[in-house]
Amino acid sequence: MKARKPLVAGNWKMNGDIVSNEQLFTALRADLGRASVPQVEVVVCPPYPYLGQAAAWLGDTGIAWGAQDVSALPNGAYTGDVSASMLVDLGCQWAIVGHSERRQLAGETDEQVAAKVSMCMTHGVGVIACIGETLEEREAGRTEAVLGRQVDAIVAALLDPARPLPAERVVLAYEPVWAIGTGRTASPEMAQAAHRFVRERLAQQGYRHAGATRILYGGSVKAANAAGLFAMPDVDGGLIGGASLVADDFLAICRAAAGA
Ligand code: PGA
């Protein structure tokens, strides 16, 4: 068994409604109660309007819930944004930041991602910070340069001594952009190489919890390929998009992580 407890997070993206969410929550509750899978930490990230529903359905289980994004800014005149303090107010334990869809569609920069990490640290919200290269960058041999740049920005935020976040609340997710929602997964060896690089970079940059930090793989993780990915020494679980919307698939992925 790995020293780092595996974590599986479901990123529902902009999917779901009250009725279908209820079915999914019911299935997760039935299968993933605190007692049944203690070897894996499970986080479910529905869209903002359903965080209250997540709280109601998952609050008394061992399953945590989180947001898919958080503002880089404090409360104030920022129409449409949701602050870290609001997440805390709701009892929300986690936030995904820097997802490639936000980097690409909303033009988020490394600096903004770092500011979001800082906001989470200030308010004690666990952070799942996403990094990953595009196909173009990989084919140009720039994967490590891109990952290094993205990691460095995140580490700069993590090193702020005024706002320490315990290592178990800092999670990175390596999500090669070309693997997200495409059905094309990185091979376990490719994922391992990237994860190893990211962990070494965290350490080189002076983050002393690099060895304890969980690094998730994301990008077309399915029940069929999860075990192979999670068996890699530096792959500490997964960030799951499409398959997290199907209870049986998500549960199978959680079991694969528990067995890794
Ligand atoms: P996918 O998405 O599992 O649907 O590829 C992963 C993600 O974007 O987090």
# chains A, B, ... in the order shown; residues from 1 in each chain; ligands from 1
>>> residues_near_ligand(ligand="ligand 1", cutoff="9 Å", atoms="only C-alpha atoms and all ligand atoms", output="MDAnalysis selection string")
chainID A and resid 9:13 99:101 130 173 175 177:185 217:222 238:244
>>> write_last_selection(atoms="N, CA and C atoms", output="mmCIF file, in the first residue's frame")
data_model
loop_
_atom_site.group_PDB
_atom_site.id
_atom_site.type_symbol
_atom_site.label_atom_id
_atom_site.label_comp_id
_atom_site.auth_asym_id
_atom_site.auth_seq_id
_atom_site.Cartn_x
_atom_site.Cartn_y
_atom_site.Cartn_z
ATOM 1 N N ALA A 9 -11.309 12.249 -7.092
ATOM 2 C CA ALA A 9 -12.236 13.382 -7.123
ATOM 3 C C ALA A 9 -13.054 13.317 -8.407
ATOM 4 N N GLY A 10 -14.348 13.514 -8.270
ATOM 5 C CA GLY A 10 -15.237 13.560 -9.427
ATOM 6 C C GLY A 10 -15.489 15.001 -9.814
ATOM 7 N N ASN A 11 -15.116 15.350 -11.038
ATOM 8 C CA ASN A 11 -15.364 16.697 -11.556
ATOM 9 C C ASN A 11 -16.568 16.603 -12.487
ATOM 10 N N TRP A 12 -17.719 17.004 -11.975
ATOM 11 C CA TRP A 12 -18.950 16.845 -12.769
ATOM 12 C C TRP A 12 -19.036 17.846 -13.913
ATOM 13 N N LYS A 13 -18.177 18.860 -13.887
ATOM 14 C CA LYS A 13 -18.223 19.936 -14.887
ATOM 15 C C LYS A 13 -19.644 20.522 -14.932
ATOM 16 N N HIS A 99 -8.189 24.304 -13.689
ATOM 17 C CA HIS A 99 -8.541 23.268 -14.670
ATOM 18 C C HIS A 99 -8.257 23.795 -16.084
ATOM 19 N N SER A 100 -7.836 22.928 -16.957
ATOM 20 C CA SER A 100 -7.446 23.390 -18.302
ATOM 21 C C SER A 100 -8.610 24.035 -19.037
ATOM 22 N N GLU A 101 -9.842 23.618 -18.715
ATOM 23 C CA GLU A 101 -10.980 24.262 -19.378
ATOM 24 C C GLU A 101 -11.095 25.717 -18.937
ATOM 25 N N CYS A 130 -4.767 22.025 -10.903
ATOM 26 C CA CYS A 130 -4.565 21.259 -12.136
ATOM 27 C C CYS A 130 -3.461 21.865 -12.999
ATOM 28 N N ALA A 173 -3.159 17.909 -9.716
ATOM 29 C CA ALA A 173 -3.739 16.977 -10.685
ATOM 30 C C ALA A 173 -3.047 17.197 -12.016
ATOM 31 N N GLU A 175 -3.202 16.681 -15.645
ATOM 32 C CA GLU A 175 -4.211 16.371 -16.650
ATOM 33 C C GLU A 175 -3.713 16.823 -18.025
ATOM 34 N N VAL A 177 -3.898 17.910 -21.481
ATOM 35 C CA VAL A 177 -5.105 18.482 -22.093
ATOM 36 C C VAL A 177 -5.634 17.573 -23.218
ATOM 37 N N TRP A 178 -4.706 16.919 -23.914
ATOM 38 C CA TRP A 178 -5.099 16.061 -25.032
ATOM 39 C C TRP A 178 -5.814 14.800 -24.574
ATOM 40 N N ALA A 179 -5.806 14.527 -23.286
ATOM 41 C CA ALA A 179 -6.460 13.311 -22.772
ATOM 42 C C ALA A 179 -7.822 13.610 -22.156
ATOM 43 N N ILE A 180 -8.160 14.896 -22.014
ATOM 44 C CA ILE A 180 -9.397 15.245 -21.308
ATOM 45 C C ILE A 180 -10.600 15.119 -22.230
ATOM 46 N N GLY A 181 -11.495 14.216 -21.855
ATOM 47 C CA GLY A 181 -12.740 14.053 -22.602
ATOM 48 C C GLY A 181 -12.550 13.513 -24.010
ATOM 49 N N THR A 182 -11.360 12.993 -24.298
ATOM 50 C CA THR A 182 -11.067 12.547 -25.659
ATOM 51 C C THR A 182 -11.082 11.031 -25.787
ATOM 52 N N GLY A 183 -11.077 10.335 -24.658
ATOM 53 C CA GLY A 183 -10.971 8.883 -24.699
ATOM 54 C C GLY A 183 -9.530 8.436 -24.876
ATOM 55 N N ARG A 184 -8.632 9.397 -25.016
ATOM 56 C CA ARG A 184 -7.215 9.085 -25.200
ATOM 57 C C ARG A 184 -6.506 9.308 -23.861
ATOM 58 N N THR A 185 -6.089 8.222 -23.223
ATOM 59 C CA THR A 185 -5.460 8.342 -21.907
ATOM 60 C C THR A 185 -3.949 8.292 -22.048
ATOM 61 N N TYR A 217 -3.914 11.770 -11.403
ATOM 62 C CA TYR A 217 -3.917 11.787 -12.859
ATOM 63 C C TYR A 217 -5.355 12.035 -13.323
ATOM 64 N N GLY A 218 -5.503 12.852 -14.350
ATOM 65 C CA GLY A 218 -6.834 13.062 -14.927
ATOM 66 C C GLY A 218 -6.751 13.100 -16.433
ATOM 67 N N GLY A 219 -7.798 12.627 -17.076
ATOM 68 C CA GLY A 219 -7.852 12.606 -18.538
ATOM 69 C C GLY A 219 -8.284 11.240 -19.003
ATOM 70 N N SER A 220 -9.605 11.113 -19.240
ATOM 71 C CA SER A 220 -10.188 9.862 -19.744
ATOM 72 C C SER A 220 -9.885 8.660 -18.851
ATOM 73 N N VAL A 221 -9.890 8.888 -17.524
ATOM 74 C CA VAL A 221 -9.792 7.737 -16.614
ATOM 75 C C VAL A 221 -11.134 7.020 -16.628
ATOM 76 N N LYS A 222 -11.086 5.711 -16.807
ATOM 77 C CA LYS A 222 -12.285 4.867 -16.829
ATOM 78 C C LYS A 222 -12.061 3.698 -15.867
ATOM 79 N N GLY A 238 -7.093 9.868 -8.876
ATOM 80 C CA GLY A 238 -7.501 10.453 -10.143
ATOM 81 C C GLY A 238 -8.493 11.591 -9.997
ATOM 82 N N LEU A 239 -8.475 12.463 -11.005
ATOM 83 C CA LEU A 239 -9.508 13.492 -11.153
ATOM 84 C C LEU A 239 -10.342 13.038 -12.348
ATOM 85 N N ILE A 240 -11.601 12.754 -12.075
ATOM 86 C CA ILE A 240 -12.423 12.022 -13.031
ATOM 87 C C ILE A 240 -13.536 12.908 -13.564
ATOM 88 N N GLY A 241 -13.600 13.086 -14.867
ATOM 89 C CA GLY A 241 -14.662 13.882 -15.469
ATOM 90 C C GLY A 241 -15.840 12.997 -15.855
ATOM 91 N N GLY A 242 -15.908 12.647 -17.129
ATOM 92 C CA GLY A 242 -17.061 11.913 -17.659
ATOM 93 C C GLY A 242 -17.480 10.708 -16.826
ATOM 94 N N ALA A 243 -16.510 9.897 -16.417
ATOM 95 C CA ALA A 243 -16.864 8.666 -15.692
ATOM 96 C C ALA A 243 -17.391 8.948 -14.288
ATOM 97 N N SER A 244 -17.230 10.185 -13.792
ATOM 98 C CA SER A 244 -17.753 10.468 -12.451
ATOM 99 C C SER A 244 -19.263 10.710 -12.466
#
>>> select_by_dssp(residues="stretch 34-154 of chain A", states="strand (DSSP E)", output="list in words")
Glu41, Val42, Val43, Val44, Cys45, Ala64, Trp65, Gly66, Ala67, Trp94, Ala95, Ile96, Val97, Gly126, Val127, Ile128, Ala129, Cys130 and Ile131 of chain A
>>> closest_residue(among="A:Gln39, A:Thr26, A:Gln68, A:Gln192", to="A:Ala260", atoms="only C-alpha atoms")
A:Gln39
>>> closest_atom_pairs(of="stretch 21-68 of chain A", to="stretch 114-128 of chain A", cutoff="12 Å", atoms="only C-alpha atoms", output="CSV")
residue,atom,partner,partner_atom,distance
A:Val43,CA,A:Ile128,CA,10.3
A:Val44,CA,A:Ile128,CA,11.9
A:Cys45,CA,A:Ile128,CA,10.8
A:Ala64,CA,A:Gly126,CA,10.6
A:Trp65,CA,A:Gly126,CA,10.4
A:Gly66,CA,A:Gly126,CA,8.6
A:Ala67,CA,A:Val127,CA,9.8
A:Gln68,CA,A:Ile128,CA,9.2
>>> atom_distance(atom1="atom CA of A:Leu202", atom2="atom CA of A:Thr134")
20.9 Å
>>> select_by_dssp(residues="stretch 22-167 of chain A", states="alpha helix (DSSP H)", output="JSON, numbers by chain")
{"A": [22, 23, 24, 25, 26, 27, 28, 29, 30, 31, 51, 52, 53, 54, 55, 56, 57, 58, 84, 85, 86, 87, 88, 89, 90, 100, 101, 102, 103, 104, 105, 110, 111, 112, 113, 114, 115, 116, 117, 118, 119, 120, 121, 122, 123, 135, 136, 137, 138, 139, 143, 144, 145, 146, 147, 148, 149, 150, 151, 152, 153, 154, 155, 156, 157, 158]}
